[in-house]
Amino acid sequence: MTSKNGSGGAYSGDYLSWEDAARDSTGYDAARILGKVRDSLLKVKRGEAAYERDAVLFKRIQHPFPLLAFLLRIGVENGNRLRLVDFGGSLGTTYFQTREFLSALKEIRWAIVEQPHFVACGKEMFADGRLSFHDSIAEAQAVTGANTALFSGSIGYLREPEVVLDSILTGNFQWVIFDRTAFIDAPKTRIAVQTVPEWIYGASYPIRLFNRADLLSRFRDRFEFIAGFESYCDAPETIGGVRVCHEGYVLKNRARSNIAG
């Protein structure tokens, strides 16, 4: 869940099943990945580095302005309170990236749902009054009262994304935001393998390169399309001559009115 698609990783293959792609992959739950991400984000937390993405440190924050615009809008519309579930949010990458801009809000409750070893590390080293870590969307929403779900490059790395998407629909979220999600310019979703360079952490794992309609049509009956935008950091790539680009989409639940407080 944690490893995302913005630090340079080649796509390959066209697999009939997730299991087939997994057999050609090393996986993304290795302890060394957690260790690298943890060490990098601790430097960000201590102010020794500005920003981390996929365990890589940066001297300057790359601000995700389209995402920030909607997070601020959601906060303002809900009494200057932002209560959000960040699915696959690592140890707080997007939280630390956006916290300076969001600090003007009265309240931030940023709940990360992750793999168990990331949750354990997050609770021990990163959790505070704003940032928390959870094993499930239901738990995160129950604890924080979140009305917004964020998928920042994470949904494509799930074996069964429909299970998670169904939990979002049943969770009655007001807003759903997909950011940095890989979409393929092809008639159907493609299962591939992404390889991350050794200088980052050397791993490979299955990924779904979504056909846009395959992903977004799940929300069509209950959600309104608000906006789409390109990734702030991911350049378009190709696989077998077919274009892959990384985009964000903002969806709003038609049935829910804004609830302040």
# chains A, B, ... in the order shown; residues from 1 in each chain; ligands from 1
>>> select_by_dssp(residues="stretch 109-181 of chain A", states="strand (DSSP E or B)", output="PyMOL selection string")
chain A and resi 109-113+131-134+148-152+175-181
>>> residues_around(residues="A:Gly129", least_positions_apart="6", cutoff="10 Å", atoms="only C-alpha atoms", output="tab-separated table (two decimals) with N, CA and C atoms, in the first residue's frame")
chain	number	residue	atom	x	y	z
A	107	GLU	N	-9.02	22.87	13.20
A	107	GLU	CA	-8.80	21.49	13.62
A	107	GLU	C	-8.37	20.64	12.44
A	108	ILE	N	-7.41	19.76	12.64
A	108	ILE	CA	-7.01	18.76	11.65
A	108	ILE	C	-6.98	17.41	12.34
A	109	ARG	N	-7.71	16.47	11.79
A	109	ARG	CA	-7.64	15.08	12.28
A	109	ARG	C	-7.34	14.22	11.05
A	110	TRP	N	-6.09	13.83	10.93
A	110	TRP	CA	-5.57	13.15	9.75
A	110	TRP	C	-5.29	11.68	10.14
>>> residues_around(residues="A:Lys45", least_positions_apart="4", cutoff="12 Å", atoms="only C-alpha atoms", output="ChimeraX atom specification")
/A:38-41,49-52,57,91-93,95-97,99,125-128
>>> closest_residue(among="A:Ala235, A:Val193, A:Leu169, A:Ile200", to="A:Asp221", atoms="only C-alpha atoms")
A:Leu169
>>> closest_residue(among="A:Ala31, A:Ala10, A:Ala203, A:Leu215", to="A:Ile239", atoms="only C-alpha atoms")
A:Ala10
>>> closest_residue(among="A:Ala227, A:Ala111, A:Ala149, A:Ile155", to="A:Trp175", atoms="only C-alpha atoms")
A:Ala149
>>> closest_residue(among="A:Ala213, A:Val76, A:Ile191, A:Gly202", to="A:Tyr15", atoms="only C-alpha atoms")
A:Ile191
>>> atom_distance(atom1="atom CA of A:Leu158", atom2="atom CA of A:Arg53")
19.4 Å
>>> residues_around(residues="A:Gly228", least_positions_apart="3", cutoff="7 Å", atoms="only C-alpha atoms", output="ChimeraX atom specification")
/A:248-250
>>> write_last_selection(atoms="N, CA and C atoms", output="PDB file, in the first residue's frame")
ATOM      1  N   GLY A 248      -5.436  13.231 -10.707  1.00  0.00           N
ATOM      2  CA  GLY A 248      -6.265  13.294  -9.513  1.00  0.00           C
ATOM      3  C   GLY A 248      -7.694  13.615  -9.880  1.00  0.00           C
ATOM      4  N   TYR A 249      -8.629  13.148  -9.054  1.00  0.00           N
ATOM      5  CA  TYR A 249     -10.042  13.427  -9.257  1.00  0.00           C
ATOM      6  C   TYR A 249     -10.691  13.707  -7.911  1.00  0.00           C
ATOM      7  N   VAL A 250     -11.596  14.674  -7.901  1.00  0.00           N
ATOM      8  CA  VAL A 250     -12.319  15.041  -6.690  1.00  0.00           C
ATOM      9  C   VAL A 250     -13.791  14.747  -6.901  1.00  0.00           C
TER      10      VAL A 250
END
>>> select_by_dssp(residues="stretch 58-194 of chain A", states="helix (DSSP H, G or I)", output="ChimeraX atom specification")
/A:65-77,93-102,116-125,137-144,155-157,161-170
>>> write_last_selection(atoms="C-alpha atoms", output="PDB file, in the first residue's frame")
ATOM      1  CA  PHE A  65      -1.517  22.787  -4.998  1.00  0.00           C
ATOM      2  CA  PRO A  66      -4.626  21.181  -6.557  1.00  0.00           C
ATOM      3  CA  LEU A  67      -4.933  18.838  -3.577  1.00  0.00           C
ATOM      4  CA  LEU A  68      -4.279  21.674  -1.137  1.00  0.00           C
ATOM      5  CA  ALA A  69      -6.985  23.796  -2.732  1.00  0.00           C
ATOM      6  CA  PHE A  70      -9.623  21.147  -2.138  1.00  0.00           C
ATOM      7  CA  LEU A  71      -8.442  20.242   1.359  1.00  0.00           C
ATOM      8  CA  LEU A  72      -8.706  23.906   2.322  1.00  0.00           C
ATOM      9  CA  ARG A  73     -12.113  24.187   0.672  1.00  0.00           C
ATOM     10  CA  ILE A  74     -13.356  21.145   2.569  1.00  0.00           C
ATOM     11  CA  GLY A  75     -11.996  22.541   5.810  1.00  0.00           C
ATOM     12  CA  VAL A  76     -13.611  25.942   5.315  1.00  0.00           C
ATOM     13  CA  GLU A  77     -16.966  24.384   4.380  1.00  0.00           C
ATOM     14  CA  THR A  93       4.057  11.796   3.762  1.00  0.00           C
ATOM     15  CA  THR A  94       1.139  13.948   2.573  1.00  0.00           C
ATOM     16  CA  TYR A  95       0.339  15.166   6.081  1.00  0.00           C
ATOM     17  CA  PHE A  96       3.847  16.572   6.562  1.00  0.00           C
ATOM     18  CA  GLN A  97       3.846  17.896   2.998  1.00  0.00           C
ATOM     19  CA  THR A  98       0.652  19.927   3.495  1.00  0.00           C
ATOM     20  CA  ARG A  99       0.642  20.779   7.194  1.00  0.00           C
ATOM     21  CA  GLU A 100       2.073  24.287   6.771  1.00  0.00           C
ATOM     22  CA  PHE A 101      -0.765  25.372   4.474  1.00  0.00           C
ATOM     23  CA  LEU A 102      -3.403  23.591   6.529  1.00  0.00           C
ATOM     24  CA  PRO A 116       0.121  -3.373  10.270  1.00  0.00           C
ATOM     25  CA  HIS A 117       3.865  -2.771  10.574  1.00  0.00           C
ATOM     26  CA  PHE A 118       3.469   0.813   9.360  1.00  0.00           C
ATOM     27  CA  VAL A 119       0.584   1.367  11.787  1.00  0.00           C
ATOM     28  CA  ALA A 120       2.681   0.102  14.680  1.00  0.00           C
ATOM     29  CA  CYS A 121       5.620   2.325  13.729  1.00  0.00           C
ATOM     30  CA  GLY A 122       3.352   5.300  13.146  1.00  0.00           C
ATOM     31  CA  LYS A 123       1.696   4.996  16.536  1.00  0.00           C
ATOM     32  CA  GLU A 124       5.078   4.746  18.257  1.00  0.00           C
ATOM     33  CA  MET A 125       6.982   7.501  16.434  1.00  0.00           C
ATOM     34  CA  ILE A 137     -11.113   2.677   7.219  1.00  0.00           C
ATOM     35  CA  ALA A 138     -14.005   1.919   9.562  1.00  0.00           C
ATOM     36  CA  GLU A 139     -11.780   2.337  12.621  1.00  0.00           C
ATOM     37  CA  ALA A 140     -10.206   5.528  11.310  1.00  0.00           C
ATOM     38  CA  GLN A 141     -13.583   7.062  10.543  1.00  0.00           C
ATOM     39  CA  ALA A 142     -15.076   6.028  13.878  1.00  0.00           C
ATOM     40  CA  VAL A 143     -12.193   7.569  15.831  1.00  0.00           C
ATOM     41  CA  THR A 144     -11.909  10.823  13.879  1.00  0.00           C
ATOM     42  CA  ILE A 155      -5.488   2.488  -4.840  1.00  0.00           C
ATOM     43  CA  GLY A 156      -3.596   0.847  -7.709  1.00  0.00           C
ATOM     44  CA  TYR A 157      -1.525  -1.292  -5.369  1.00  0.00           C
ATOM     45  CA  PRO A 161      -9.495  -2.484  -4.680  1.00  0.00           C
ATOM     46  CA  GLU A 162     -13.235  -3.048  -4.993  1.00  0.00           C
ATOM     47  CA  VAL A 163     -13.367  -4.090  -1.325  1.00  0.00           C
ATOM     48  CA  VAL A 164     -11.848  -0.807  -0.210  1.00  0.00           C
ATOM     49  CA  LEU A 165     -13.952   1.242  -2.606  1.00  0.00           C
ATOM     50  CA  ASP A 166     -17.101  -0.444  -1.334  1.00  0.00           C
ATOM     51  CA  SER A 167     -16.105   0.472   2.227  1.00  0.00           C
ATOM     52  CA  ILE A 168     -15.823   4.087   1.125  1.00  0.00           C
ATOM     53  CA  LEU A 169     -19.317   3.964  -0.332  1.00  0.00           C
ATOM     54  CA  THR A 170     -20.808   2.362   2.771  1.00  0.00           C
TER      55      THR A 170
END
>>> atom_distance(atom1="atom CA of A:Leu105", atom2="atom CA of A:Arg83")
10.9 Å
>>> atom_distance(atom1="atom CA of A:Arg81", atom2="atom CA of A:His246")
28.6 Å
>>> residues_around(residues="A:Tyr11", least_positions_apart="3", cutoff="10 Å", atoms="only C-alpha atoms", output="PyMOL selection string")
chain A and resi 5+8+14+191-196+204-207+209+237-240+244
>>> write_last_selection(atoms="N, CA and C atoms", output="mmCIF file, in the first residue's frame")
data_model
loop_
_atom_site.group_PDB
_atom_site.id
_atom_site.type_symbol
_atom_site.label_atom_id
_atom_site.label_comp_id
_atom_site.auth_asym_id
_atom_site.auth_seq_id
_atom_site.Cartn_x
_atom_site.Cartn_y
_atom_site.Cartn_z
ATOM 1 N N ASN A 5 3.906 5.803 -6.872
ATOM 2 C CA ASN A 5 4.431 5.719 -8.218
ATOM 3 C C ASN A 5 5.158 6.952 -8.713
ATOM 4 N N GLY A 8 10.045 7.150 -9.875
ATOM 5 C CA GLY A 8 10.743 6.537 -10.990
ATOM 6 C C GLY A 8 10.704 5.031 -10.913
ATOM 7 N N ASP A 14 1.656 -7.500 -18.882
ATOM 8 C CA ASP A 14 0.206 -7.382 -19.068
ATOM 9 C C ASP A 14 -0.377 -8.695 -18.561
ATOM 10 N N ILE A 191 -3.162 -4.935 -15.469
ATOM 11 C CA ILE A 191 -2.332 -5.334 -14.332
ATOM 12 C C ILE A 191 -0.904 -5.472 -14.829
ATOM 13 N N ALA A 192 0.018 -4.775 -14.183
ATOM 14 C CA ALA A 192 1.421 -4.762 -14.595
ATOM 15 C C ALA A 192 2.300 -4.931 -13.362
ATOM 16 N N VAL A 193 3.597 -4.870 -13.571
ATOM 17 C CA VAL A 193 4.575 -4.871 -12.481
ATOM 18 C C VAL A 193 5.348 -3.568 -12.554
ATOM 19 N N GLN A 194 5.499 -2.914 -11.423
ATOM 20 C CA GLN A 194 6.308 -1.715 -11.333
ATOM 21 C C GLN A 194 7.601 -2.046 -10.597
ATOM 22 N N THR A 195 8.719 -1.617 -11.161
ATOM 23 C CA THR A 195 10.022 -1.846 -10.551
ATOM 24 C C THR A 195 10.595 -0.523 -10.073
ATOM 25 N N VAL A 196 10.917 -0.469 -8.790
ATOM 26 C CA VAL A 196 11.491 0.727 -8.185
ATOM 27 C C VAL A 196 13.009 0.593 -8.185
ATOM 28 N N SER A 204 9.867 -4.497 -6.380
ATOM 29 C CA SER A 204 8.897 -4.535 -7.479
ATOM 30 C C SER A 204 7.599 -5.093 -6.944
ATOM 31 N N TYR A 205 6.479 -4.654 -7.534
ATOM 32 C CA TYR A 205 5.192 -5.073 -7.023
ATOM 33 C C TYR A 205 4.130 -4.910 -8.098
ATOM 34 N N PRO A 206 3.031 -5.625 -7.954
ATOM 35 C CA PRO A 206 1.931 -5.479 -8.909
ATOM 36 C C PRO A 206 1.299 -4.099 -8.800
ATOM 37 N N ILE A 207 0.748 -3.644 -9.903
ATOM 38 C CA ILE A 207 0.027 -2.385 -9.919
ATOM 39 C C ILE A 207 -1.096 -2.470 -10.941
ATOM 40 N N LEU A 209 -3.043 -0.336 -13.557
ATOM 41 C CA LEU A 209 -3.082 0.889 -14.337
ATOM 42 C C LEU A 209 -4.525 1.036 -14.796
ATOM 43 N N GLU A 237 4.327 8.231 -18.614
ATOM 44 C CA GLU A 237 5.200 7.123 -18.988
ATOM 45 C C GLU A 237 4.493 6.289 -20.048
ATOM 46 N N THR A 238 5.146 5.244 -20.497
ATOM 47 C CA THR A 238 4.514 4.330 -21.448
ATOM 48 C C THR A 238 4.782 2.894 -21.025
ATOM 49 N N ILE A 239 3.888 2.020 -21.448
ATOM 50 C CA ILE A 239 4.072 0.584 -21.271
ATOM 51 C C ILE A 239 3.614 -0.073 -22.561
ATOM 52 N N GLY A 240 4.537 -0.723 -23.232
ATOM 53 C CA GLY A 240 4.211 -1.332 -24.516
ATOM 54 C C GLY A 240 3.711 -0.330 -25.538
ATOM 55 N N VAL A 244 0.731 6.096 -20.083
ATOM 56 C CA VAL A 244 0.271 6.046 -18.693
ATOM 57 C C VAL A 244 0.519 7.416 -18.089
#
>>> residues_around(residues="A:Phe151", least_positions_apart="6", cutoff="9 Å", atoms="only C-alpha atoms", output="number ranges by chain")
A: 85-89, 176-181
